[in-house]
Amino acid sequence: MALAPSPPALPPNPALPLPWWGRAGRGALLGARARVRAVRAALRPPSQWSVGSWRGRPAQQQPEYPDKADLEDVLRTVGTFPPIVFAGEARTLEERLAEAAVGRAFLLQGGDCAESFKEFNANNIRDTFRVLLQMSVVLMFGGQMPVVKVGRMAGQFAKPRSDGFEERNGLKLPSYRGDNINGDAFNGESRLPDPHRMIRAYSQSAATLNLLRAFATGGYAAMQRVAQWNLDFTENSEQGDRYMELAHRVDEALGFMSAAGLPLDHPIMTTAEFWTSHECLLLPYEQALTREDSTTGLYYDCSAHFLWVGERTRQLDGAHVEFLRGIANPLGIKVSDKMDPAELVRLIDILNPENRAGRITIITRMGPENMRVKLPHLIRAVRGAGQIVTWVTDPMHGNTMKAPCGLKTRSFDRILMAAMGIGDCATTSQRGDLDIPYPLSIGRGCYHYTGDRGRGDITCRRTARGGYQPTRPSAASPLRSSPSPCAAARRASAFCNDIQTWCYNT
């Protein structure tokens, strides 16, 4: 399908800071971080807000628990648990995202559509982390800029539903809303919301993050291991060969650094910063894990470093926006082609009245055709209001189709088109790569597989004749390619652009 014509160039916005190519190197970078810290130091919790003030607003997508007393008992228990993440970590992530917001870093976010209790094991966590490491190396080497790595994991359980009930053969039951709420088996006992699932979700999230911390700081993420990150299923394939070509070039660079006397055992070379994220959906659970930071007096949702509000829950007067406006974590806003530009500006103003860089990430989820038509209007509105945000493309959602094998799938051709489409909306700048002083960030989708590995899911591969051949992936095969190219990392395209089309079961 032909894409719509590219929109006209957007006018520059002098109110926003220049991107990285218009700055004076490390000194300016440190100055930007200092400004972020100064703004945050002056922050106070919003007026007329409390951790429970959302309860006075209409709350969408919340389950109906049959035993309210049992629910309150579970929430009191969760409220006594230690935080999964810490306020200082969330503040550091905001600083990293502030660099991305002005074009000095690249944001990569990926993981399962929804985590499950059945698929929880160390190998799956390791493989997700490993693929994100692979992709970050490709983007960092090709784009010559830092990559902020955010996992959609250690808490991504809840699923928003278009209908609160599901009917099969005349039997109507509550919809499956994620393993932290109810079960996916179609029977009355499984579909009944159970608050005790929140305790199991907390335990699994804490265990997942514990393993991720070990991988990130225990030597697994060392740059000297780039070649060893390659997944087994890419061996003897063109994609694997291209990745190994990059790995050898990285090894050559490391060898030169060592010969020049630069230490390769420095933590910056042997460890990796890694952050967790999930949709802020189940509000009672999020409230139970919200803590006041003793050093700043601000409130942080300590269930994850980064949270986002979804397409179905971003009402301006809704409970989710009310809760999120009072927590100090960096936030994401999911935006489809249905978003009104004026509403987006108002929503950003509610969530980030101080207009601090790194606080807000706009996650666009619209097909490539809609992106060319709708996204420029959103960009103009945000820029016209002088709001500083990080623009991210989610090329997975909005590109769903049904393959001949009978499953909902996503063609990698269209994923690539969507990833490139946001760049085409931002590549006519008078200053260089981008027309706006934000990076083109790939989030939640250039790498994003749906977590149904343990339920007999089928992967569909496009054949030479244009059909789809079903194959069964292993638990260690979340994605069969390196990330796609984008405007912020054009030089990475030599390693990313020659890939097959793969579809994943939703």
# chains A, B, ... in the order shown; residues from 1 in each chain; ligands from 1
>>> select_by_dssp(residues="segment 253-342 of chain A", states="strand (DSSP E or B)", output="ChimeraX atom specification")
/A:275-279,290-292,299-301,306-309,327,331-335
>>> write_last_selection(atoms="C-alpha atoms", output="mmCIF file, in the first residue's frame")
data_model
loop_
_atom_site.group_PDB
_atom_site.id
_atom_site.type_symbol
_atom_site.label_atom_id
_atom_site.label_comp_id
_atom_site.auth_asym_id
_atom_site.auth_seq_id
_atom_site.Cartn_x
_atom_site.Cartn_y
_atom_site.Cartn_z
ATOM 1 C CA TRP A 275 15.490 0.246 33.368
ATOM 2 C CA THR A 276 12.072 -1.366 33.764
ATOM 3 C CA SER A 277 8.662 -0.157 32.634
ATOM 4 C CA HIS A 278 5.022 -1.152 32.446
ATOM 5 C CA GLU A 279 1.611 0.335 31.818
ATOM 6 C CA THR A 290 3.976 4.346 45.919
ATOM 7 C CA ARG A 291 6.442 5.765 48.420
ATOM 8 C CA GLU A 292 7.443 9.244 49.569
ATOM 9 C CA TYR A 299 6.222 10.540 45.607
ATOM 10 C CA TYR A 300 7.489 7.737 43.382
ATOM 11 C CA ASP A 301 5.667 4.669 42.138
ATOM 12 C CA PHE A 306 9.026 4.258 33.952
ATOM 13 C CA LEU A 307 5.247 4.037 33.608
ATOM 14 C CA TRP A 308 2.907 4.932 30.793
ATOM 15 C CA VAL A 309 -0.776 5.719 30.472
ATOM 16 C CA ILE A 327 4.185 10.757 41.051
ATOM 17 C CA LEU A 331 6.005 8.946 32.232
ATOM 18 C CA GLY A 332 4.862 7.820 28.811
ATOM 19 C CA ILE A 333 1.668 8.714 26.945
ATOM 20 C CA LYS A 334 0.349 6.322 24.326
ATOM 21 C CA VAL A 335 -0.974 8.222 21.324
#
>>> residues_around(residues="Arg57 of chain A", least_positions_apart="6", cutoff="8 Å", atoms="only C-alpha atoms", output="list in words")
Asp317, Gly318, Ala319 and Glu322 of chain A
>>> residues_around(residues="Leu254 of chain A", least_positions_apart="3", cutoff="12 Å", atoms="only C-alpha atoms", output="number ranges by chain")
A: 222-226, 247-251, 257-265, 269
>>> atom_distance(atom1="atom CA of Phe274 of chain A", atom2="atom CA of Val78 of chain A")
24.6 Å
>>> closest_residue(among="A:Phe256, A:Tyr176, A:Phe157, A:Phe86", to="Gly111 of chain A", atoms="only C-alpha atoms")
A:Phe157
>>> residues_around(residues="segment 356-364 of chain A", least_positions_apart="4", cutoff="9 Å", atoms="only C-alpha atoms", output="MDAnalysis selection string")
chainID A and resid 36 39:40 93:102 308 328:337 348 351:352 371 375 387:395 422 443:444
>>> residues_around(residues="Lys374 of chain A", least_positions_apart="3", cutoff="9 Å", atoms="only C-alpha atoms", output="PyMOL selection string")
chain A and resi 336-339+366+369-371+377-378
>>> write_last_selection(atoms="C-alpha atoms", output="CSV table (one decimal), in the first residue's frame")
chain,number,residue,atom,x,y,z
A,336,SER,CA,-2.9,6.8,18.4
A,337,ASP,CA,-4.3,8.5,15.3
A,338,LYS,CA,-7.5,9.3,17.4
A,339,MET,CA,-5.6,11.8,19.6
A,366,MET,CA,-0.5,4.3,14.5
A,369,GLU,CA,-0.2,5.6,6.6
A,370,ASN,CA,-1.8,7.4,9.5
A,371,MET,CA,1.5,8.4,10.9
A,377,HIS,CA,-0.3,17.8,13.5
A,378,LEU,CA,0.5,16.4,17.0
>>> atom_distance(atom1="atom CA of Pro66 of chain A", atom2="atom CA of Pro193 of chain A")
7.5 Å
>>> residues_around(residues="Gly421 of chain A", least_positions_apart="4", cutoff="7 Å", atoms="only C-alpha atoms", output="MDAnalysis selection string")
chainID A and resid 368 371:372 417 425
>>> closest_residue(among="A:Pro195, A:Ala114, A:Arg346, A:Ser303", to="Gln315 of chain A", atoms="only C-alpha atoms")
A:Arg346
>>> closest_residue(among="A:Arg197, A:Gly326, A:Asn180, A:Ile379", to="Gln48 of chain A", atoms="only C-alpha atoms")
A:Gly326
>>> atom_distance(atom1="atom CA of Leu316 of chain A", atom2="atom CA of Leu75 of chain A")
26.3 Å
